[in-house]
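For reference, structure-v7.cif (mmCIF, C-alpha atoms (C1' of nucleotides)):
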```cif
data_data
loop_
_atom_site.label_atom_id
_atom_site.label_comp_id
_atom_site.auth_asym_id
_atom_site.auth_seq_id
_atom_site.Cartn_x
_atom_site.Cartn_y
_atom_site.Cartn_z
CA MET A 1 76.48 87.78 144.46
CA GLN A 2 76.88 85.03 146.99
CA LEU A 3 76.90 81.26 147.30
CA SER A 4 73.60 79.39 147.30
CA SER A 5 72.34 78.48 150.73
CA THR A 6 72.61 74.80 149.81
CA SER A 7 76.35 75.19 149.21
CA ARG A 8 76.75 77.16 152.40
CA TYR A 9 74.90 74.51 154.38
CA ALA A 10 77.06 71.78 152.85
CA ILE A 11 80.29 73.55 153.72
CA ARG A 12 79.15 74.16 157.28
CA ILE A 13 78.07 70.54 157.69
CA LEU A 14 81.37 69.10 156.48
CA SER A 15 83.34 71.63 158.45
CA TYR A 16 81.45 70.78 161.62
CA MET A 17 81.93 67.07 161.05
CA ALA A 18 85.64 67.56 160.52
CA LYS A 19 85.84 69.29 163.86
CA GLN A 20 84.50 66.21 165.66
CA LYS A 21 87.60 64.13 165.09
CA ASP A 22 87.06 61.82 168.04
CA THR A 23 83.53 60.91 167.00
CA GLN A 24 83.29 57.94 164.64
CA HIS A 25 80.11 59.09 162.99
CA ILE A 26 77.35 61.59 163.55
CA ASN A 27 73.66 61.52 162.74
CA ALA A 28 71.34 63.90 160.93
CA THR A 29 69.28 64.85 163.96
CA VAL A 30 72.33 66.15 165.79
CA LEU A 31 73.68 67.96 162.72
CA ALA A 32 70.34 69.64 162.06
CA GLU A 33 70.16 70.77 165.65
CA VAL A 34 73.65 72.13 166.19
CA LEU A 35 73.82 73.78 162.77
CA SER A 36 70.23 75.08 162.75
CA ILE A 37 69.44 73.54 159.39
CA PRO A 38 65.94 72.16 158.72
CA TYR A 39 66.19 68.42 159.33
CA LYS A 40 64.48 67.31 156.13
CA PHE A 41 66.50 69.66 154.00
CA LEU A 42 69.69 68.55 155.68
CA THR A 43 69.06 64.87 154.99
CA LYS A 44 68.56 65.74 151.34
CA ILE A 45 71.93 67.47 151.29
CA MET A 46 73.56 64.59 153.18
CA THR A 47 72.43 62.12 150.55
CA GLU A 48 74.04 64.29 147.88
CA LEU A 49 77.27 64.45 149.87
CA VAL A 50 77.20 60.65 150.09
CA ASN A 51 76.51 60.28 146.37
CA ALA A 52 79.34 62.70 145.64
CA GLY A 53 81.69 60.39 147.49
CA PHE A 54 82.60 62.73 150.34
CA LEU A 55 80.77 60.78 153.02
CA ILE A 56 79.50 57.29 153.72
CA SER A 57 76.21 56.68 155.41
CA ILE A 58 75.66 54.05 158.07
CA ARG A 59 72.02 53.09 157.83
CA GLY A 60 69.77 51.73 160.52
CA ARG A 61 69.75 52.27 164.25
CA GLU A 62 72.92 53.88 165.62
CA GLY A 63 73.65 54.94 162.07
CA GLY A 64 74.86 58.28 160.80
CA TYR A 65 77.45 59.74 158.48
CA ALA A 66 81.23 59.62 158.40
CA PHE A 67 83.93 60.87 156.07
CA LEU A 68 84.88 58.64 153.17
CA LYS A 69 87.38 61.14 151.80
CA GLU A 70 89.92 62.82 154.06
CA SER A 71 88.74 66.29 155.02
CA SER A 72 92.05 67.58 153.72
CA GLU A 73 91.18 66.12 150.33
CA ILE A 74 87.81 67.86 150.07
CA LYS A 75 88.24 71.33 148.63
CA ILE A 76 85.53 73.98 148.83
CA HIS A 77 85.56 73.97 145.05
CA ASP A 78 84.63 70.28 144.98
CA ILE A 79 81.57 71.00 147.08
CA LEU A 80 80.52 73.91 144.89
CA VAL A 81 80.78 71.68 141.83
CA VAL A 82 78.31 69.23 143.37
CA PHE A 83 75.77 72.00 143.94
CA ASN A 84 76.35 73.77 140.61
CA ASP A 85 77.75 76.79 142.35
CA ALA A 86 81.35 76.77 141.18
CA ILE A 87 82.81 79.49 139.01
CA GLU A 88 83.59 77.95 135.65
CA ASP A 89 86.94 78.83 134.12
CA LYS A 90 85.28 80.36 131.09
CA GLN A 91 82.44 81.92 133.01
CA CYS A 92 82.00 85.59 132.32
CA VAL A 93 80.57 87.93 134.91
CA LEU A 94 78.23 89.53 132.37
CA GLY A 95 76.69 86.40 130.95
CA ILE A 96 77.16 83.35 128.88
CA GLY A 97 77.82 82.94 125.22
CA PHE A 98 79.10 86.30 124.17
CA CYS A 99 82.42 86.69 125.97
CA LYS A 100 85.15 84.80 124.18
CA GLY A 101 87.93 85.94 126.46
CA ASN A 102 91.33 87.12 125.35
CA ASP A 103 91.49 85.47 121.94
CA ILE A 104 89.78 88.09 119.86
CA LYS A 105 89.56 91.59 121.22
CA GLU A 106 86.18 92.13 119.61
CA LYS A 107 84.63 89.38 121.67
CA LYS A 108 85.62 90.59 125.11
CA CYS A 109 82.70 91.58 127.29
CA ALA A 110 82.55 94.92 129.01
CA LEU A 111 83.84 93.71 132.36
CA HIS A 112 86.23 91.08 131.06
CA ASP A 113 89.57 92.40 132.29
CA GLN A 114 88.30 93.49 135.68
CA TRP A 115 86.53 90.19 136.23
CA GLU A 116 89.54 88.05 135.27
CA ASP A 117 91.51 89.26 138.29
CA SER A 118 88.67 88.85 140.77
CA LYS A 119 87.75 85.49 139.38
CA GLU A 120 91.27 84.19 139.84
CA VAL A 121 91.37 85.27 143.47
CA LEU A 122 88.04 83.59 144.12
CA GLN A 123 88.88 80.40 142.27
CA LYS A 124 92.23 80.16 144.00
CA MET A 125 90.50 80.47 147.33
CA PHE A 126 87.88 77.83 146.52
CA LYS A 127 90.33 75.42 144.93
CA GLU A 128 93.03 75.71 147.58
CA SER A 129 90.93 75.72 150.74
CA SER A 130 90.10 72.28 152.03
CA ILE A 131 87.57 71.41 154.69
CA GLU A 132 90.46 70.65 157.00
CA ASP A 133 92.02 74.05 156.30
CA ILE A 134 88.95 75.99 157.23
CA THR A 135 88.26 73.89 160.30
CA LYS A 136 90.24 75.50 163.04
CA GLU A 137 89.57 75.92 166.70
CA GLY A 138 87.65 79.00 167.65
CA ILE A 139 85.55 79.33 164.54
CA LYS A 140 81.81 79.55 164.47
CA LEU A 141 79.75 77.29 162.26
CA MET B 1 78.31 82.22 142.33
CA GLN B 2 77.48 84.85 139.76
CA LEU B 3 75.49 88.03 139.29
CA SER B 4 71.73 87.78 138.73
CA SER B 5 70.71 88.02 135.12
CA THR B 6 68.78 91.18 135.90
CA SER B 7 71.98 92.88 137.07
CA ARG B 8 73.86 91.60 134.04
CA TYR B 9 71.18 92.91 131.70
CA ALA B 10 71.22 96.31 133.42
CA ILE B 11 74.99 96.62 133.10
CA ARG B 12 74.89 95.67 129.44
CA ILE B 13 72.08 98.12 128.74
CA LEU B 14 73.83 101.06 130.36
CA SER B 15 77.13 100.13 128.80
CA TYR B 16 75.56 99.97 125.35
CA MET B 17 73.83 103.30 125.84
CA ALA B 18 77.09 104.91 126.94
CA LYS B 19 78.68 103.72 123.72
CA GLN B 20 76.13 105.64 121.62
CA LYS B 21 77.46 109.05 122.58
CA ASP B 22 76.16 110.83 119.48
CA THR B 23 72.61 109.59 119.98
CA GLN B 24 70.43 111.83 122.15
CA HIS B 25 68.22 109.05 123.36
CA ILE B 26 67.39 105.48 122.50
CA ASN B 27 64.20 103.48 122.79
CA ALA B 28 63.34 100.14 124.33
CA THR B 29 62.61 98.37 121.06
CA VAL B 30 66.10 99.05 119.75
CA LEU B 31 67.76 98.12 123.02
CA ALA B 32 65.84 94.86 123.26
CA GLU B 33 66.83 94.00 119.73
CA VAL B 34 70.54 94.80 119.76
CA LEU B 35 71.09 93.34 123.22
CA SER B 36 68.85 90.29 122.76
CA ILE B 37 66.88 90.97 125.91
CA PRO B 38 63.14 90.15 126.00
CA TYR B 39 61.38 93.44 125.29
CA LYS B 40 58.91 93.27 128.16
CA PHE B 41 61.55 92.32 130.66
CA LEU B 42 63.81 95.08 129.42
CA THR B 43 61.17 97.76 129.87
CA LYS B 44 60.71 96.57 133.42
CA ILE B 45 64.42 96.99 134.04
CA MET B 46 64.44 100.38 132.30
CA THR B 47 61.79 101.69 134.65
CA GLU B 48 63.92 100.62 137.60
CA LEU B 49 66.94 102.37 136.12
CA VAL B 50 64.82 105.52 135.74
CA ASN B 51 63.54 105.26 139.31
CA ALA B 52 67.07 104.76 140.52
CA GLY B 53 68.02 108.08 138.95
CA PHE B 54 70.46 106.75 136.35
CA LEU B 55 68.27 107.53 133.36
CA ILE B 56 65.43 109.79 132.36
CA SER B 57 62.61 108.57 130.19
CA ILE B 58 61.08 110.58 127.38
CA ARG B 59 57.52 109.39 127.05
CA GLY B 60 55.29 109.38 124.00
CA ARG B 61 56.11 109.11 120.34
CA GLU B 62 59.80 109.57 119.51
CA GLY B 63 60.50 108.91 123.16
CA GLY B 64 63.12 106.75 124.73
CA TYR B 65 65.74 106.81 127.45
CA ALA B 66 68.78 108.99 128.08
CA PHE B 67 71.36 109.33 130.82
CA LEU B 68 70.52 111.58 133.73
CA LYS B 69 73.74 110.77 135.56
CA GLU B 70 77.07 110.88 133.76
CA SER B 71 78.15 107.39 132.77
CA SER B 72 81.41 108.07 134.59
CA GLU B 73 79.38 108.64 137.76
CA ILE B 74 77.52 105.33 137.59
CA LYS B 75 79.57 102.60 139.21
CA ILE B 76 78.83 98.92 138.72
CA HIS B 77 78.31 98.75 142.46
CA ASP B 78 75.50 101.33 142.24
CA ILE B 79 73.68 99.15 139.76
CA LEU B 80 74.11 96.03 141.88
CA VAL B 81 72.65 97.89 144.85
CA VAL B 82 69.48 98.66 142.88
CA PHE B 83 69.00 94.98 142.07
CA ASN B 84 69.98 93.66 145.52
CA ASP B 85 73.03 91.99 144.10
CA ALA B 86 75.81 93.93 145.79
CA ILE B 87 78.20 92.37 148.27
CA GLU B 88 77.54 93.93 151.64
CA ASP B 89 80.57 94.98 153.66
CA LYS B 90 79.61 92.66 156.48
CA GLN B 91 78.39 89.86 154.25
CA CYS B 92 79.95 86.53 155.02
CA VAL B 93 80.44 83.91 152.36
CA LEU B 94 79.00 81.20 154.61
CA GLY B 95 75.82 82.90 155.67
CA ILE B 96 74.20 85.63 157.64
CA GLY B 97 74.02 86.19 161.32
CA PHE B 98 76.74 84.00 162.68
CA CYS B 99 79.95 85.57 161.41
CA LYS B 100 80.90 88.55 163.49
CA GLY B 101 84.19 89.21 161.71
CA ASN B 102 87.45 90.07 163.38
CA ASP B 103 86.15 91.42 166.67
CA ILE B 104 85.85 88.22 168.62
CA LYS B 105 87.82 85.24 167.42
CA GLU B 106 85.13 82.83 168.52
CA LYS B 107 82.63 84.37 166.13
CA LYS B 108 84.62 84.05 162.91
CA CYS B 109 83.07 81.73 160.36
CA ALA B 110 85.03 78.93 158.80
CA LEU B 111 85.91 80.79 155.61
CA HIS B 112 86.25 84.24 157.13
CA ASP B 113 89.89 85.03 156.45
CA GLN B 114 89.94 83.58 152.95
CA TRP B 115 86.76 85.39 152.01
CA GLU B 116 87.90 88.77 153.30
CA ASP B 117 90.63 88.99 150.66
CA SER B 118 88.44 87.88 147.77
CA LYS B 119 85.62 90.11 148.87
CA GLU B 120 87.87 93.15 148.87
CA VAL B 121 89.07 92.46 145.35
CA LEU B 122 85.50 92.06 144.14
CA GLN B 123 84.16 95.09 145.95
CA LYS B 124 87.03 97.21 144.71
CA MET B 125 86.27 96.14 141.18
CA PHE B 126 82.55 96.86 141.50
CA LYS B 127 83.02 100.15 143.33
CA GLU B 128 85.77 101.54 141.12
CA SER B 129 84.51 100.51 137.70
CA SER B 130 82.11 102.99 136.15
CA ILE B 131 79.93 102.46 133.12
CA GLU B 132 82.24 104.77 131.22
CA ASP B 133 85.30 102.77 132.27
CA ILE B 134 83.96 99.49 130.99
CA THR B 135 82.67 101.01 127.77
CA LYS B 136 85.56 100.83 125.42
CA GLU B 137 85.77 100.28 121.73
CA GLY B 138 86.05 96.69 120.65
CA ILE B 139 84.05 95.14 123.42
CA LYS B 140 81.09 92.90 122.96
CA LEU B 141 77.83 93.58 124.76
"C1'" DT C 1 61.78 38.47 166.72
"C1'" DT C 2 60.04 42.71 167.62
"C1'" DT C 3 60.96 47.47 168.15
"C1'" DA C 4 63.18 51.73 167.69
"C1'" DA C 5 66.24 54.74 165.44
"C1'" DA C 6 68.40 55.74 161.70
"C1'" DT C 7 68.98 56.81 156.25
"C1'" DA C 8 66.73 56.84 151.38
"C1'" DC C 9 63.21 57.72 148.13
"C1'" DT C 10 59.30 59.95 146.01
"C1'" DA C 11 56.37 63.45 145.81
"C1'" DC C 12 54.81 67.64 146.83
"C1'" DC C 13 54.62 72.68 148.60
"C1'" DT C 14 56.34 77.68 148.80
"C1'" DA C 15 58.86 81.78 147.63
"C1'" DA C 16 61.65 84.29 144.59
"C1'" DA C 17 63.64 85.18 140.09
"C1'" DG C 18 62.80 85.57 135.45
"C1'" DG C 19 59.61 86.59 132.02
"C1'" DT C 20 54.96 87.79 129.58
"C1'" DA C 21 50.38 90.18 128.50
"C1'" DG C 22 47.42 93.83 128.08
"C1'" DA C 23 45.61 98.07 128.97
"C1'" DA C 24 46.57 103.00 130.41
"C1'" DT C 25 49.12 107.06 129.66
"C1'" DT C 26 51.87 110.34 127.14
"C1'" DA C 27 53.20 113.24 123.29
"C1'" DA C 28 54.91 114.05 118.49
"C1'" DT C 29 53.32 113.78 113.78
"C1'" DC C 30 49.90 113.69 110.22
"C1'" DG D 1 41.82 116.23 116.54
"C1'" DA D 2 43.07 111.46 115.30
"C1'" DT D 3 46.67 108.39 114.91
"C1'" DT D 4 50.71 106.25 116.12
"C1'" DA D 5 54.74 105.17 118.71
"C1'" DA D 6 56.53 105.36 122.70
"C1'" DT D 7 56.76 104.55 128.23
"C1'" DT D 8 54.25 102.91 132.55
"C1'" DC D 9 51.34 100.20 135.45
"C1'" DT D 10 49.12 96.09 137.07
"C1'" DA D 11 48.63 91.58 136.94
"C1'" DC D 12 49.83 87.24 135.83
"C1'" DC D 13 52.68 83.04 134.20
"C1'" DT D 14 56.88 79.85 134.44
"C1'" DT D 15 61.00 77.99 136.28
"C1'" DT D 16 64.10 77.13 139.88
"C1'" DA D 17 65.80 77.11 144.62
"C1'" DG D 18 64.57 76.10 149.07
"C1'" DG D 19 61.93 73.40 152.03
"C1'" DT D 20 58.37 69.79 153.80
"C1'" DA D 21 55.76 65.29 154.29
"C1'" DG D 22 55.25 60.60 154.32
"C1'" DT D 23 56.66 56.15 153.54
"C1'" DA D 24 60.02 52.50 152.65
"C1'" DT D 25 64.19 50.43 153.97
"C1'" DT D 26 67.90 49.18 156.97
"C1'" DT D 27 70.00 47.48 161.19
"C1'" DA D 28 71.36 47.52 166.17
"C1'" DA D 29 69.44 46.76 170.52
"C1'" DA D 30 66.01 45.05 173.61
#
```
What is this structure when it is put down as structure tokens?
Amino acid sequence: MQLSSTSRYAIRILSYMAKQKDTQHINATVLAEVLSIPYKFLTKIMTELVNAGFLISIRGREGGYAFLKESSEIKIHDILVVFNDAIEDKQCVLGIGFCKGNDIKEKKCALHDQWEDSKEVLQKMFKESSIEDITKEGIKL
Amino acid sequence: MQLSSTSRYAIRILSYMAKQKDTQHINATVLAEVLSIPYKFLTKIMTELVNAGFLISIRGREGGYAFLKESSEIKIHDILVVFNDAIEDKQCVLGIGFCKGNDIKEKKCALHDQWEDSKEVLQKMFKESSIEDITKEGIKL
DNA sequence: TTTAAATACTACCTAAAGGTAGAATTAATC
DNA sequence: GATTAATTCTACCTTTAGGTAGTATTTAAA
């Protein structure tokens, strides 16, 4: 029960980039090094972050990546959506296709009520926390 | 961000078994059928549930599985531990090995504070809910 | 204009999760 | 005692996530 490592990498990357406010853009070699992420895997993730519209890439020599969206506008939830790691509203903790929620009592799954509460706390956290929010001085990435 | 399907199967199996109070024991063929779990995969899980001490197996003709532990004594958390799906106390949402929690501010990861709250809600749910608790009339498995 | 340093694309490799197959073992019933 | 219905063991197959390799493309600097 945890986020995929791809999602975790992505969050750390964006959070680190947000911390470097003074820098115009930053390249993959540096990111891979400071964040201890395999270079080739990181570039794959970067391309997805560009395609998702969070970043722009500057190609060629002296190139790199920079924010397209404001870091305050990028919520953790948005990142999880890109990497298929978000908790769907209707998602049931015990599986798919047999829990029909509160409508009909018969169709509730065994953990339905307990999960509803936890799910809301998690979703709230992911939907309300932006990259800017989680990027404070003194944190480790 | 969800439980492994193995864990979900295991919870559903135990929950279904707990519902059949009058039945002494129940066999794999029936379980696989009513729960729509591939028979061969189910038997693999059953063996793990036996080895974990939740169930006993009755081998040979007319055999099957029965509870060894009381269903009220089997917490969801215990099941998740068996299938390496539990949330560790120290587990950080952004990865392993770089978030040292509240001790030193410098070592907190970017989502530390937000995750702490959610983690506690989840852990509480998993640690306090027993198989008996989640096995109520009118629920779908 | 060449070179070097960067991203992008395509294809593949590896490990783990999910799932399957078949034979061995066990024990009640005929 | 033979048969049958059950669990168990060992080994393998398939899919997906995580990761790697190599080449093409882009562009600033020399």
Counting only C-alpha atoms (C1' of nucleotides), which residues of chain A sit at most 6 Å from some atom of chain C, and what is each one's closest atom pair with its distance in Å to one decimal, listed by chain and rising residue number, as a tab-separated table?
```
residue	atom	partner	partner_atom	distance
A:Arg59	CA	C:DT7	C1'	5.1
A:Gly60	CA	C:DA6	C1'	4.4
A:Arg61	CA	C:DA5	C1'	4.5
A:Gly63	CA	C:DA6	C1'	5.3
```
| said: Which residues are close to B:Glu62, i.e. within 12 Å by only C-alpha atoms (C1' of nucleotides), leaving aside same-chain residues fewer than 4 positions away? Reply as a list in words. | reply: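 Selected residues are Gln24, His25, Ile26, Asn27, Ala28, Thr29, Ser57 and Ile58 of chain B; DT26, DA27, DA28 and DT29 of chain C; DT4, DA5, DA6 and DT7 of chain D.
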| query | Got a sec to pull out which chain A residues are within 12 Å of chain D, counting all atoms listed in the file, and send them as a ChimeraX atom specification? | reply | /A:4-7,9,37-45,57-64,83-84
| request: Please return, as a ChimeraX atom specification, all polymer residues that have at least one atom within 12 Å of the point (80.4, 107.9, 121.4); use all atoms listed in the file and the file's own coordinate frame. | output: /B:15-24,71,132,135-137
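For the pair atom CA of B:Asp133 and atom CA of A:Cys92, the separation is 17.5 Å.
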